[in-house]
file coords-v3.cif (mmCIF, C-alpha atoms)
data_work
loop_
_atom_site.group_PDB
_atom_site.id
_atom_site.type_symbol
_atom_site.label_atom_id
_atom_site.label_comp_id
_atom_site.auth_asym_id
_atom_site.auth_seq_id
_atom_site.Cartn_x
_atom_site.Cartn_y
_atom_site.Cartn_z
ATOM 1 C CA MET V 1 2.083 24.560 32.866
ATOM 2 C CA THR V 2 0.673 27.696 34.479
ATOM 3 C CA ILE V 3 -2.147 27.840 36.985
ATOM 4 C CA ARG V 4 -4.119 30.086 34.620
ATOM 5 C CA ASP V 5 -4.707 27.154 32.264
ATOM 6 C CA TYR V 6 -6.004 24.734 34.874
ATOM 7 C CA MET V 7 -7.690 26.767 37.608
ATOM 8 C CA GLU V 8 -11.436 26.802 38.141
ATOM 9 C CA ARG V 9 -12.795 30.097 36.810
ATOM 10 C CA ASP V 10 -16.440 29.377 37.567
ATOM 11 C CA PHE V 11 -16.172 29.793 41.333
ATOM 12 C CA LEU V 12 -18.511 31.347 43.887
ATOM 13 C CA SER V 13 -17.494 33.830 46.566
ATOM 14 C CA VAL V 14 -19.221 35.813 49.324
ATOM 15 C CA SER V 15 -18.954 39.453 50.332
ATOM 16 C CA PRO V 16 -17.672 40.312 53.836
ATOM 17 C CA HIS V 17 -21.230 41.468 54.660
ATOM 18 C CA ALA V 18 -22.897 38.208 53.662
ATOM 19 C CA PRO V 19 -25.219 36.738 56.314
ATOM 20 C CA LEU V 20 -24.457 33.398 57.941
ATOM 21 C CA ARG V 21 -27.256 31.603 56.090
ATOM 22 C CA GLU V 22 -25.717 32.680 52.772
ATOM 23 C CA VAL V 23 -22.388 31.195 53.873
ATOM 24 C CA ALA V 24 -24.134 27.920 54.779
ATOM 25 C CA ARG V 25 -25.902 27.863 51.405
ATOM 26 C CA LEU V 26 -22.642 28.294 49.516
ATOM 27 C CA PHE V 27 -20.983 25.449 51.402
ATOM 28 C CA PHE V 28 -23.673 22.922 50.609
ATOM 29 C CA GLU V 29 -24.343 24.128 47.068
ATOM 30 C CA THR V 30 -20.712 24.100 45.984
ATOM 31 C CA GLY V 31 -19.635 21.092 48.024
ATOM 32 C CA GLU V 32 -16.437 22.996 48.812
ATOM 33 C CA SER V 33 -14.812 23.328 52.219
ATOM 34 C CA LEU V 34 -13.139 26.688 51.586
ATOM 35 C CA ILE V 35 -15.031 29.713 50.308
ATOM 36 C CA PRO V 36 -13.287 32.905 49.182
ATOM 37 C CA VAL V 37 -14.440 36.285 50.487
ATOM 38 C CA THR V 38 -14.169 39.213 48.084
ATOM 39 C CA GLU V 39 -15.008 42.899 47.998
ATOM 40 C CA SER V 40 -17.406 44.098 45.272
ATOM 41 C CA ASP V 41 -14.455 44.871 42.942
ATOM 42 C CA GLY V 42 -13.197 41.285 43.244
ATOM 43 C CA THR V 43 -10.370 41.996 45.681
ATOM 44 C CA LEU V 44 -9.620 38.903 47.756
ATOM 45 C CA VAL V 45 -9.945 39.712 51.472
ATOM 46 C CA GLY V 46 -9.987 36.243 53.025
ATOM 47 C CA VAL V 47 -11.420 32.749 53.044
ATOM 48 C CA ILE V 48 -13.955 30.918 55.210
ATOM 49 C CA ASP V 49 -13.080 27.399 56.252
ATOM 50 C CA ILE V 50 -16.036 25.057 56.743
ATOM 51 C CA ASP V 51 -14.586 23.958 60.107
ATOM 52 C CA ASP V 52 -14.773 27.548 61.363
ATOM 53 C CA PHE V 53 -18.410 27.655 60.292
ATOM 54 C CA LEU V 54 -19.208 24.407 62.116
ATOM 55 C CA LEU V 55 -17.326 25.640 65.197
ATOM 56 C CA ILE V 56 -20.262 27.991 65.877
ATOM 57 C CA PHE V 57 -22.600 25.074 66.436
ATOM 58 C CA LEU V 58 -20.405 22.506 68.152
ATOM 59 C CA PRO V 59 -20.126 22.553 71.937
ATOM 60 C CA GLU V 60 -16.714 23.105 73.502
ATOM 61 C CA TYR V 61 -16.508 19.644 75.034
ATOM 62 C CA ILE V 62 -16.306 18.006 71.596
ATOM 63 C CA ASP V 63 -12.599 18.883 71.483
ATOM 64 C CA LEU V 64 -12.048 17.352 74.917
ATOM 65 C CA ILE V 65 -13.590 13.940 74.430
ATOM 66 C CA ARG V 66 -11.858 11.084 72.653
ATOM 67 C CA ASN V 67 -14.862 9.145 71.503
ATOM 68 C CA ILE V 68 -17.986 10.935 70.307
ATOM 69 C CA ASP V 69 -20.047 7.804 70.974
ATOM 70 C CA PHE V 70 -20.046 8.932 74.611
ATOM 71 C CA VAL V 71 -22.155 11.958 73.668
ATOM 72 C CA HIS V 72 -25.844 11.191 73.894
ATOM 73 C CA ASP V 73 -27.400 14.618 73.453
ATOM 74 C CA PHE V 74 -26.695 15.527 69.824
ATOM 75 C CA GLY V 75 -30.461 15.638 69.339
ATOM 76 C CA ALA V 76 -30.681 18.428 71.894
ATOM 77 C CA LEU V 77 -28.087 20.413 69.956
ATOM 78 C CA GLU V 78 -30.188 20.124 66.822
ATOM 79 C CA LYS V 79 -33.207 21.571 68.610
ATOM 80 C CA SER V 80 -31.307 24.741 69.353
ATOM 81 C CA SER V 81 -32.424 27.553 67.041
ATOM 82 C CA PHE V 82 -30.210 29.314 64.523
ATOM 83 C CA SER V 83 -31.720 32.699 65.348
ATOM 84 C CA ILE V 84 -29.040 34.361 67.490
ATOM 85 C CA GLU V 85 -26.112 33.076 65.460
ATOM 86 C CA GLU V 86 -27.463 34.441 62.225
ATOM 87 C CA LYS V 87 -27.853 37.872 63.775
ATOM 88 C CA LEU V 88 -24.446 37.746 65.410
ATOM 89 C CA PHE V 89 -22.242 36.613 62.535
ATOM 90 C CA VAL V 90 -21.577 37.917 59.053
ATOM 91 C CA ALA V 91 -19.034 36.372 56.675
ATOM 92 C CA GLU V 92 -16.273 38.723 57.806
ATOM 93 C CA ASP V 93 -16.508 37.403 61.388
ATOM 94 C CA LEU V 94 -15.661 33.871 60.254
ATOM 95 C CA MET V 95 -13.064 34.867 57.730
ATOM 96 C CA ARG V 96 -9.365 34.019 57.890
ATOM 97 C CA GLU V 97 -7.422 36.964 56.583
ATOM 98 C CA ASP V 98 -3.932 35.514 56.554
ATOM 99 C CA VAL V 99 -4.906 33.540 53.515
ATOM 100 C CA PRO V 100 -2.225 31.977 51.319
ATOM 101 C CA PHE V 101 -2.870 32.567 47.630
ATOM 102 C CA LEU V 102 -1.226 31.984 44.268
ATOM 103 C CA ASP V 103 -0.736 34.124 41.187
ATOM 104 C CA GLU V 104 -2.350 32.931 37.982
ATOM 105 C CA ASN V 105 1.068 33.011 36.319
ATOM 106 C CA ASP V 106 2.607 30.657 38.881
ATOM 107 C CA SER V 107 3.357 27.121 37.786
ATOM 108 C CA VAL V 108 0.977 24.264 38.477
ATOM 109 C CA MET V 109 3.715 22.455 40.388
ATOM 110 C CA LYS V 110 4.076 25.465 42.694
ATOM 111 C CA ALA V 111 0.329 25.103 43.353
ATOM 112 C CA ALA V 112 0.821 21.377 44.021
ATOM 113 C CA ALA V 113 3.613 22.103 46.482
ATOM 114 C CA ALA V 114 1.682 24.874 48.258
ATOM 115 C CA LEU V 115 -1.509 22.802 48.527
ATOM 116 C CA HIS V 116 0.486 19.862 49.885
ATOM 117 C CA LYS V 117 2.635 21.876 52.309
ATOM 118 C CA LEU V 118 -0.305 23.891 53.665
ATOM 119 C CA ASP V 119 -2.625 20.872 53.695
ATOM 120 C CA LEU V 120 -5.335 22.708 51.763
ATOM 121 C CA SER V 121 -7.868 21.263 49.343
ATOM 122 C CA ARG V 122 -7.956 24.438 47.224
ATOM 123 C CA MET V 123 -6.383 27.866 47.121
ATOM 124 C CA PRO V 124 -7.387 31.253 45.728
ATOM 125 C CA VAL V 125 -5.656 32.475 42.581
ATOM 126 C CA VAL V 126 -5.220 36.211 42.086
ATOM 127 C CA ASN V 127 -4.190 38.685 39.470
ATOM 128 C CA ALA V 128 -3.210 42.067 40.987
ATOM 129 C CA ASN V 129 -5.037 41.207 44.270
ATOM 130 C CA ARG V 130 -8.255 40.332 42.444
ATOM 131 C CA LEU V 131 -9.565 36.819 42.725
ATOM 132 C CA VAL V 132 -9.584 35.241 39.269
ATOM 133 C CA GLY V 133 -9.907 31.554 40.123
ATOM 134 C CA MET V 134 -9.466 28.711 42.552
ATOM 135 C CA ILE V 135 -7.009 25.854 42.143
ATOM 136 C CA SER V 136 -7.377 22.471 43.785
ATOM 137 C CA LYS V 137 -5.346 19.283 44.050
ATOM 138 C CA ASN V 138 -7.805 17.814 41.529
ATOM 139 C CA ASP V 139 -6.929 20.591 39.045
ATOM 140 C CA VAL V 140 -3.269 19.709 39.525
ATOM 141 C CA CYS V 141 -4.109 16.079 38.735
ATOM 142 C CA ARG V 142 -5.826 17.201 35.511
ATOM 143 C CA ALA V 143 -2.714 19.146 34.516
ATOM 144 C CA LEU V 144 -0.544 16.094 35.174
ATOM 145 C CA TYR V 145 -2.944 13.835 33.288
ATOM 146 C CA GLU V 146 -2.899 16.116 30.249
ATOM 147 C CA MET V 147 0.885 16.564 30.334
ATOM 148 C CA LYS V 148 2.575 15.068 27.286
ATOM 149 C CA GLY V 149 5.373 12.734 28.265
ATOM 150 C CA GLU V 150 8.512 12.106 26.224
ATOM 151 C CA GLN V 151 8.160 8.952 24.113
ATOM 152 C CA MET P 1 -14.970 29.036 75.528
ATOM 153 C CA LYS P 2 -15.571 29.797 79.178
ATOM 154 C CA LEU P 3 -16.483 33.467 79.484
ATOM 155 C CA SER P 4 -16.019 33.247 83.239
ATOM 156 C CA LYS P 5 -12.328 32.623 82.574
ATOM 157 C CA THR P 6 -11.993 35.142 79.782
ATOM 158 C CA ILE P 7 -13.645 38.211 81.318
ATOM 159 C CA LYS P 8 -11.733 40.192 83.918
ATOM 160 C CA LYS P 9 -13.584 41.432 86.997
ATOM 161 C CA SER P 10 -12.809 45.037 86.119
ATOM 162 C CA ALA P 11 -14.343 44.467 82.670
ATOM 163 C CA ILE P 12 -17.858 44.292 84.144
ATOM 164 C CA ARG P 13 -20.071 47.348 84.528
ATOM 165 C CA LEU P 14 -23.516 46.715 85.865
ATOM 166 C CA GLN P 15 -24.950 50.154 85.139
ATOM 167 C CA LEU P 16 -24.096 51.813 81.856
ATOM 168 C CA ARG P 17 -24.853 55.535 81.778
ATOM 169 C CA ALA P 18 -25.277 55.846 78.016
ATOM 170 C CA ALA P 19 -28.582 57.050 76.556
ATOM 171 C CA THR P 20 -27.969 56.276 72.890
ATOM 172 C CA LYS P 21 -26.390 53.496 70.858
ATOM 173 C CA GLY P 22 -23.429 55.728 69.968
ATOM 174 C CA GLU P 23 -22.815 56.612 73.620
ATOM 175 C CA ALA P 24 -23.161 52.969 74.640
ATOM 176 C CA LEU P 25 -20.554 51.861 72.107
ATOM 177 C CA GLU P 26 -18.139 54.547 73.330
ATOM 178 C CA GLU P 27 -18.730 53.587 76.970
ATOM 179 C CA LEU P 28 -18.263 49.894 76.200
ATOM 180 C CA VAL P 29 -15.013 50.540 74.353
ATOM 181 C CA ASP P 30 -13.844 52.681 77.289
ATOM 182 C CA LEU P 31 -14.688 49.837 79.654
ATOM 183 C CA LEU P 32 -12.753 47.361 77.523
ATOM 184 C CA CYS P 33 -9.742 49.641 77.148
ATOM 185 C CA SER P 34 -9.508 50.581 80.823
ATOM 186 C CA ALA P 35 -10.046 47.035 82.133
ATOM 187 C CA TYR P 36 -7.353 45.509 79.928
ATOM 188 C CA ARG P 37 -5.184 48.633 79.640
ATOM 189 C CA LEU P 38 -5.567 48.658 75.889
ATOM 190 C CA LYS P 39 -4.098 51.483 73.873
ATOM 191 C CA HIS P 40 -5.591 52.438 70.508
ATOM 192 C CA ARG P 41 -9.060 53.305 71.824
ATOM 193 C CA LYS P 42 -9.756 55.251 68.628
ATOM 194 C CA GLU P 43 -8.914 52.314 66.354
ATOM 195 C CA ILE P 44 -10.913 49.865 68.468
ATOM 196 C CA LEU P 45 -13.976 52.129 68.425
ATOM 197 C CA GLU P 46 -13.593 52.590 64.688
ATOM 198 C CA ALA P 47 -13.462 48.808 64.133
ATOM 199 C CA ILE P 48 -16.552 48.314 66.309
ATOM 200 C CA LEU P 49 -18.458 51.060 64.439
ATOM 201 C CA GLN P 50 -17.446 49.654 61.054
ATOM 202 C CA ARG P 51 -18.663 46.185 62.010
ATOM 203 C CA GLU P 52 -21.882 47.707 63.323
ATOM 204 C CA GLU P 53 -22.452 49.349 59.926
ATOM 205 C CA LYS P 54 -22.411 45.954 58.225
ATOM 206 C CA GLN P 55 -25.080 44.493 60.478
ATOM 207 C CA SER P 56 -26.324 45.686 63.839
ATOM 208 C CA THR P 57 -25.186 43.452 66.676
ATOM 209 C CA GLY P 58 -28.422 44.188 68.507
ATOM 210 C CA VAL P 59 -29.519 40.574 68.240
ATOM 211 C CA GLY P 60 -32.860 41.034 69.992
ATOM 212 C CA MET P 61 -34.199 39.673 73.284
ATOM 213 C CA GLY P 62 -32.586 42.649 75.028
ATOM 214 C CA LEU P 63 -29.079 41.684 73.995
ATOM 215 C CA ALA P 64 -26.330 43.414 72.000
ATOM 216 C CA VAL P 65 -22.895 41.990 71.213
ATOM 217 C CA PRO P 66 -20.763 44.640 69.528
ATOM 218 C CA HIS P 67 -17.633 42.949 68.258
ATOM 219 C CA ALA P 68 -14.822 43.412 65.757
ATOM 220 C CA LYS P 69 -11.451 42.153 64.658
ATOM 221 C CA THR P 70 -8.669 44.715 64.594
ATOM 222 C CA PRO P 71 -4.889 44.591 64.081
ATOM 223 C CA VAL P 72 -4.292 46.783 67.153
ATOM 224 C CA VAL P 73 -4.956 43.953 69.664
ATOM 225 C CA ARG P 74 -2.945 40.767 70.116
ATOM 226 C CA LYS P 75 -5.575 38.535 71.691
ATOM 227 C CA LEU P 76 -9.264 38.298 72.459
ATOM 228 C CA TYR P 77 -10.693 40.737 75.042
ATOM 229 C CA VAL P 78 -14.250 40.580 76.362
ATOM 230 C CA ALA P 79 -16.272 42.890 78.615
ATOM 231 C CA PHE P 80 -19.832 42.785 79.924
ATOM 232 C CA ALA P 81 -22.239 45.567 80.849
ATOM 233 C CA SER P 82 -25.906 46.026 81.615
ATOM 234 C CA HIS P 83 -28.302 48.959 81.421
ATOM 235 C CA ARG P 84 -31.289 49.358 83.696
ATOM 236 C CA ASN P 85 -33.715 50.891 81.184
ATOM 237 C CA GLY P 86 -32.276 49.571 77.967
ATOM 238 C CA ILE P 87 -31.016 51.406 74.885
ATOM 239 C CA ASP P 88 -32.362 51.471 71.354
ATOM 240 C CA PHE P 89 -29.710 49.429 69.525
ATOM 241 C CA ASP P 90 -31.301 48.852 66.082
ATOM 242 C CA SER P 91 -32.257 45.374 67.187
ATOM 243 C CA THR P 92 -34.196 43.235 64.708
ATOM 244 C CA ASP P 93 -37.056 42.697 67.176
ATOM 245 C CA GLY P 94 -37.239 46.404 68.056
ATOM 246 C CA GLU P 95 -36.584 45.674 71.739
ATOM 247 C CA LYS P 96 -34.175 47.836 73.696
ATOM 248 C CA ALA P 97 -30.844 46.260 74.580
ATOM 249 C CA CYS P 98 -30.153 45.827 78.311
ATOM 250 C CA LEU P 99 -27.322 43.272 78.234
ATOM 251 C CA PHE P 100 -24.079 43.934 76.399
ATOM 252 C CA PHE P 101 -21.059 41.805 75.648
ATOM 253 C CA ILE P 102 -18.321 43.588 73.745
ATOM 254 C CA LEU P 103 -15.356 41.787 72.255
ATOM 255 C CA VAL P 104 -12.350 42.536 70.106
ATOM 256 C CA SER P 105 -9.728 40.180 68.746
ATOM 257 C CA PRO P 106 -6.847 40.259 66.256
ATOM 258 C CA ARG P 107 -7.539 40.179 62.533
ATOM 259 C CA ASP P 108 -5.230 37.277 61.736
ATOM 260 C CA VAL P 109 -6.851 34.701 64.036
ATOM 261 C CA SER P 110 -10.463 33.654 63.680
ATOM 262 C CA GLY P 111 -10.890 30.759 66.164
ATOM 263 C CA PRO P 112 -11.138 32.540 69.548
ATOM 264 C CA HIS P 113 -13.447 35.217 68.119
ATOM 265 C CA ILE P 114 -15.840 32.601 66.749
ATOM 266 C CA LYS P 115 -15.688 30.517 69.945
ATOM 267 C CA ALA P 116 -16.428 33.507 72.185
ATOM 268 C CA LEU P 117 -19.409 34.598 70.078
ATOM 269 C CA ALA P 118 -20.658 31.000 69.936
ATOM 270 C CA SER P 119 -20.433 30.696 73.747
ATOM 271 C CA ILE P 120 -22.326 33.946 74.245
ATOM 272 C CA SER P 121 -25.092 32.892 71.855
ATOM 273 C CA ARG P 122 -25.363 29.464 73.480
ATOM 274 C CA LEU P 123 -25.807 31.024 76.933
ATOM 275 C CA VAL P 124 -28.124 33.917 76.093
ATOM 276 C CA LYS P 125 -30.556 31.683 74.220
ATOM 277 C CA HIS P 126 -31.871 30.754 77.626
ATOM 278 C CA GLU P 127 -34.385 33.275 78.902
ATOM 279 C CA GLU P 128 -33.743 32.295 82.500
ATOM 280 C CA PHE P 129 -30.048 33.186 82.113
ATOM 281 C CA ARG P 130 -30.860 36.571 80.571
ATOM 282 C CA LYS P 131 -33.261 37.361 83.411
ATOM 283 C CA VAL P 132 -30.804 36.568 86.204
ATOM 284 C CA LEU P 133 -28.010 38.387 84.409
ATOM 285 C CA LEU P 134 -30.124 41.513 84.226
ATOM 286 C CA SER P 135 -30.848 41.458 87.938
ATOM 287 C CA CYS P 136 -27.252 40.674 88.838
ATOM 288 C CA PRO P 137 -26.332 42.853 91.875
ATOM 289 C CA ASP P 138 -22.521 42.793 91.717
ATOM 290 C CA GLU P 139 -19.474 41.458 89.864
ATOM 291 C CA LYS P 140 -19.115 38.389 92.071
ATOM 292 C CA SER P 141 -22.694 37.358 91.352
ATOM 293 C CA PHE P 142 -22.005 37.832 87.654
ATOM 294 C CA PHE P 143 -19.221 35.268 87.747
ATOM 295 C CA ASP P 144 -21.295 32.849 89.846
ATOM 296 C CA LEU P 145 -24.206 33.089 87.407
ATOM 297 C CA VAL P 146 -22.029 32.705 84.325
ATOM 298 C CA LYS P 147 -20.170 29.722 85.808
ATOM 299 C CA LYS P 148 -23.449 28.025 86.669
ATOM 300 C CA ALA P 149 -24.833 28.650 83.171
ATOM 301 C CA GLU P 150 -21.618 27.454 81.533
ATOM 302 C CA ALA P 151 -21.780 24.189 83.442
ATOM 303 C CA LYS P 152 -25.367 23.734 82.306
ATOM 304 C CA TYR P 153 -25.384 24.965 78.710
ATOM 305 C CA LEU P 154 -21.874 24.879 77.225
#
call {"tool": "encode", "arguments": {"input": "coords-v3.cif", "output": "structure tokens"}}
result
Amino acid sequence: MTIRDYMERDFLSVSPHAPLREVARLFFETGESLIPVTESDGTLVGVIDIDDFLLIFLPEYIDLIRNIDFVHDFGALEKSSFSIEEKLFVAEDLMREDVPFLDENDSVMKAAAALHKLDLSRMPVVNANRLVGMISKNDVCRALYEMKGEQ
Amino acid sequence: MKLSKTIKKSAIRLQLRAATKGEALEELVDLLCSAYRLKHRKEILEAILQREEKQSTGVGMGLAVPHAKTPVVRKLYVAFASHRNGIDFDSTDGEKACLFFILVSPRDVSGPHIKALASISRLVKHEEFRKVLLSCPDEKSFFDLVKKAEAKYL
């Protein structure tokens, strides 16, 4: 079972220049929590984690408090405009470059092990540095489901 | 992220001499490199210019935040400067930039870079803060103003 046969080929990615609003759109349209960043020739340059995106808008004290029920001013945070952030950030600024990836010829079980060990929901799959797909734990489950057992 | 704890006193220059955006970027990189004794000035400037090509960091309201990630630094470094008359910085609102935060951080870590930019944007959204920062007379006042704003807005 190779990754090539089970990975998602119909994935969306952003360019390093993409504006913040484009990144937000991709997160909610795809429902994914990890978006790959690629150059125009398809070369994988990094990934954006949804938590890094949300970090822009969450105040520092959120990490310090144990119970968010103690926070009463979330409404005030929502009133804050998006204007400066969208001028300040492009995709590249949010991107993690030390991104683990898999080769499309790797085995599905290697993907399962990597996803489990790195605690990731999905990982980029490359062929000669170019992004060719994304593989998730759900794709691994499909591979296992379709596997023919010995009778 | 508390900028008052991140910025070194020597990384504050209240009167930039630059007359153009290019000169301002060079002066800001010089400020950053001398305050934190950073080598690789050329690489840092190059990273800042490359990021600037993607989208101007002249965010309007008299503010510019040139920033970049580069492999030649090991942690986040931030500097602040102001300019009495303002400099044309390709800002979206066409206004000259008078307040400058410059920051560089390593390429392999994204968290501190995002947090520092988020803190800056959260503070400078407030017109009152921008006004007092612009009329700041010395480095000590800068830290007092930033601390006060951080307590109020972060």
call {"tool": "residues_around", "arguments": {"input": "coords-v3.cif", "residues": "Arg74 of chain P", "least_positions_apart": "5", "cutoff": "10 Å", "atoms": "only C-alpha atoms", "output": "list of chain:residue names"}}
result
P:Val104, P:Ser105, P:Pro106, P:Arg107, P:Asp108, P:Val109
call {"tool": "atom_distance", "arguments": {"input": "coords-v3.cif", "atom1": "atom CA of Cys98 of chain P", "atom2": "atom CA of His83 of chain P"}}
result
4.8 Å
call {"tool": "resolve_selection", "arguments": {"input": "coords-v3.cif", "expression": "the PyMOL selection byres ((chain P) within 8 of (chain V))", "output": "list in words"}}
result
Met1, Lys54, Gln55, Ser56, Thr57, Gly58, Val59, Val65, Ala68, Lys69, Arg107, Asp108, Val109, Ser110, Gly111, His113, Ile114, Lys115, Leu117, Ala118, Ser121, Lys125 and Leu154 of chain P
call {"tool": "resolve_selection", "arguments": {"input": "coords-v3.cif", "expression": "the PyMOL selection byres ((chain P and resi 32) around 10)", "output": "JSON, numbers by chain"}}
result
{"P": [7, 8, 10, 11, 12, 26, 27, 28, 29, 30, 31, 33, 34, 35, 36, 37, 38, 41, 44, 77, 78, 79, 80, 102, 103, 104]}
call {"tool": "residues_around", "arguments": {"input": "coords-v3.cif", "residues": "Leu3 of chain P", "least_positions_apart": "4", "cutoff": "9 Å", "atoms": "only C-alpha atoms", "output": "PyMOL selection string"}}
result
chain P and resi 7+78+116+119-120+143+146-147+150
call {"tool": "write_last_selection", "arguments": {"input": "coords-v3.cif", "atoms": "C-alpha atoms", "output": "PDB file, keeping the file's coordinate frame"}}
result
ATOM      1  CA  ILE P   7     -13.645  38.211  81.318  1.00  0.00           C
ATOM      2  CA  VAL P  78     -14.250  40.580  76.362  1.00  0.00           C
ATOM      3  CA  ALA P 116     -16.428  33.507  72.185  1.00  0.00           C
ATOM      4  CA  SER P 119     -20.433  30.696  73.747  1.00  0.00           C
ATOM      5  CA  ILE P 120     -22.326  33.946  74.245  1.00  0.00           C
ATOM      6  CA  PHE P 143     -19.221  35.268  87.747  1.00  0.00           C
ATOM      7  CA  VAL P 146     -22.029  32.705  84.325  1.00  0.00           C
ATOM      8  CA  LYS P 147     -20.170  29.722  85.808  1.00  0.00           C
ATOM      9  CA  GLU P 150     -21.618  27.454  81.533  1.00  0.00           C
TER      10      GLU P 150
END
call {"tool": "resolve_selection", "arguments": {"input": "coords-v3.cif", "expression": "the PyMOL selection byres ((chain P and resi 61) around 8)", "output": "mmCIF file with C-alpha atoms, in the frame of the given file"}}
result
data_model
loop_
_atom_site.group_PDB
_atom_site.id
_atom_site.type_symbol
_atom_site.label_atom_id
_atom_site.label_comp_id
_atom_site.auth_asym_id
_atom_site.auth_seq_id
_atom_site.Cartn_x
_atom_site.Cartn_y
_atom_site.Cartn_z
ATOM 1 C CA VAL P 59 -29.519 40.574 68.240
ATOM 2 C CA GLY P 60 -32.860 41.034 69.992
ATOM 3 C CA GLY P 62 -32.586 42.649 75.028
ATOM 4 C CA LEU P 63 -29.079 41.684 73.995
ATOM 5 C CA ASP P 93 -37.056 42.697 67.176
ATOM 6 C CA GLU P 95 -36.584 45.674 71.739
ATOM 7 C CA ALA P 97 -30.844 46.260 74.580
#
call {"tool": "residues_around", "arguments": {"input": "coords-v3.cif", "residues": "Asp10 of chain V", "least_positions_apart": "4", "cutoff": "10 Å", "atoms": "all atoms listed in the file", "output": "list in words"}}
result
Val132, Gly133 and Met134 of chain V
call {"tool": "atom_distance", "arguments": {"input": "coords-v3.cif", "atom1": "atom CA of Leu14 of chain P", "atom2": "atom CA of Ile87 of chain P"}}
result
14.1 Å
call {"tool": "atom_distance", "arguments": {"input": "coords-v3.cif", "atom1": "atom CA of Ala143 of chain V", "atom2": "atom CA of Asp5 of chain V"}}
result
8.6 Å
call {"tool": "closest_residue", "arguments": {"input": "coords-v3.cif", "among": "P:Leu16, P:Ala64, P:Val124, P:Leu133", "to": "Asp88 of chain P", "atoms": "all atoms listed in the file"}}
result
P:Ala64
call {"tool": "axis_aligned_box", "arguments": {"input": "coords-v3.cif", "around": "segment 29-41 of chain V", "padding_each_side": "6 Å", "output": "AutoDock Vina command-line options"}}
result
--center_x -18.7 --center_y 33.0 --center_z 47.6 --size_x 23.2 --size_y 35.8 --size_z 21.3
call {"tool": "closest_residue", "arguments": {"input": "coords-v3.cif", "among": "V:Met7, V:Leu131, V:Val108, V:Ala114", "to": "Thr43 of chain V", "atoms": "all atoms listed in the file"}}
result
V:Leu131
call {"tool": "build_atoms", "arguments": {"input": "coords-v3.cif", "residues": "segment 77-89 of chain P", "atoms": "N, CA and C atoms", "output": "mmCIF file, in the coordinates of the input"}}
result
data_model
loop_
_atom_site.group_PDB
_atom_site.id
_atom_site.type_symbol
_atom_site.label_atom_id
_atom_site.label_comp_id
_atom_site.auth_asym_id
_atom_site.auth_seq_id
_atom_site.Cartn_x
_atom_site.Cartn_y
_atom_site.Cartn_z
ATOM 1 N N TYR P 77 -10.302 40.057 73.802
ATOM 2 C CA TYR P 77 -10.693 40.737 75.042
ATOM 3 C C TYR P 77 -12.221 40.846 75.066
ATOM 4 N N VAL P 78 -12.783 40.549 76.232
ATOM 5 C CA VAL P 78 -14.250 40.580 76.362
ATOM 6 C C VAL P 78 -14.642 41.391 77.589
ATOM 7 N N ALA P 79 -15.714 42.160 77.461
ATOM 8 C CA ALA P 79 -16.272 42.890 78.615
ATOM 9 C C ALA P 79 -17.795 42.709 78.612
ATOM 10 N N PHE P 80 -18.377 42.913 79.788
ATOM 11 C CA PHE P 80 -19.832 42.785 79.924
ATOM 12 C C PHE P 80 -20.390 44.028 80.608
ATOM 13 N N ALA P 81 -21.566 44.453 80.181
ATOM 14 C CA ALA P 81 -22.239 45.567 80.849
ATOM 15 C C ALA P 81 -23.750 45.386 80.764
ATOM 16 N N SER P 82 -24.440 46.046 81.683
ATOM 17 C CA SER P 82 -25.906 46.026 81.615
ATOM 18 C C SER P 82 -26.437 47.451 81.751
ATOM 19 N N HIS P 83 -27.682 47.625 81.366
ATOM 20 C CA HIS P 83 -28.302 48.959 81.421
ATOM 21 C C HIS P 83 -29.719 48.788 81.961
ATOM 22 N N ARG P 84 -30.014 49.556 83.003
ATOM 23 C CA ARG P 84 -31.289 49.358 83.696
ATOM 24 C C ARG P 84 -32.510 49.523 82.774
ATOM 25 N N ASN P 85 -32.528 50.605 81.998
ATOM 26 C CA ASN P 85 -33.715 50.891 81.184
ATOM 27 C C ASN P 85 -33.631 50.373 79.751
ATOM 28 N N GLY P 86 -32.454 50.044 79.338
ATOM 29 C CA GLY P 86 -32.276 49.571 77.967
ATOM 30 C C GLY P 86 -32.034 50.721 76.996
ATOM 31 N N ILE P 87 -31.375 50.397 75.889
ATOM 32 C CA ILE P 87 -31.016 51.406 74.885
ATOM 33 C C ILE P 87 -31.474 50.909 73.518
ATOM 34 N N ASP P 88 -31.986 51.843 72.722
ATOM 35 C CA ASP P 88 -32.362 51.471 71.354
ATOM 36 C C ASP P 88 -31.085 51.137 70.577
ATOM 37 N N PHE P 89 -30.971 49.899 70.123
ATOM 38 C CA PHE P 89 -29.710 49.429 69.525
ATOM 39 C C PHE P 89 -29.925 48.887 68.106
#
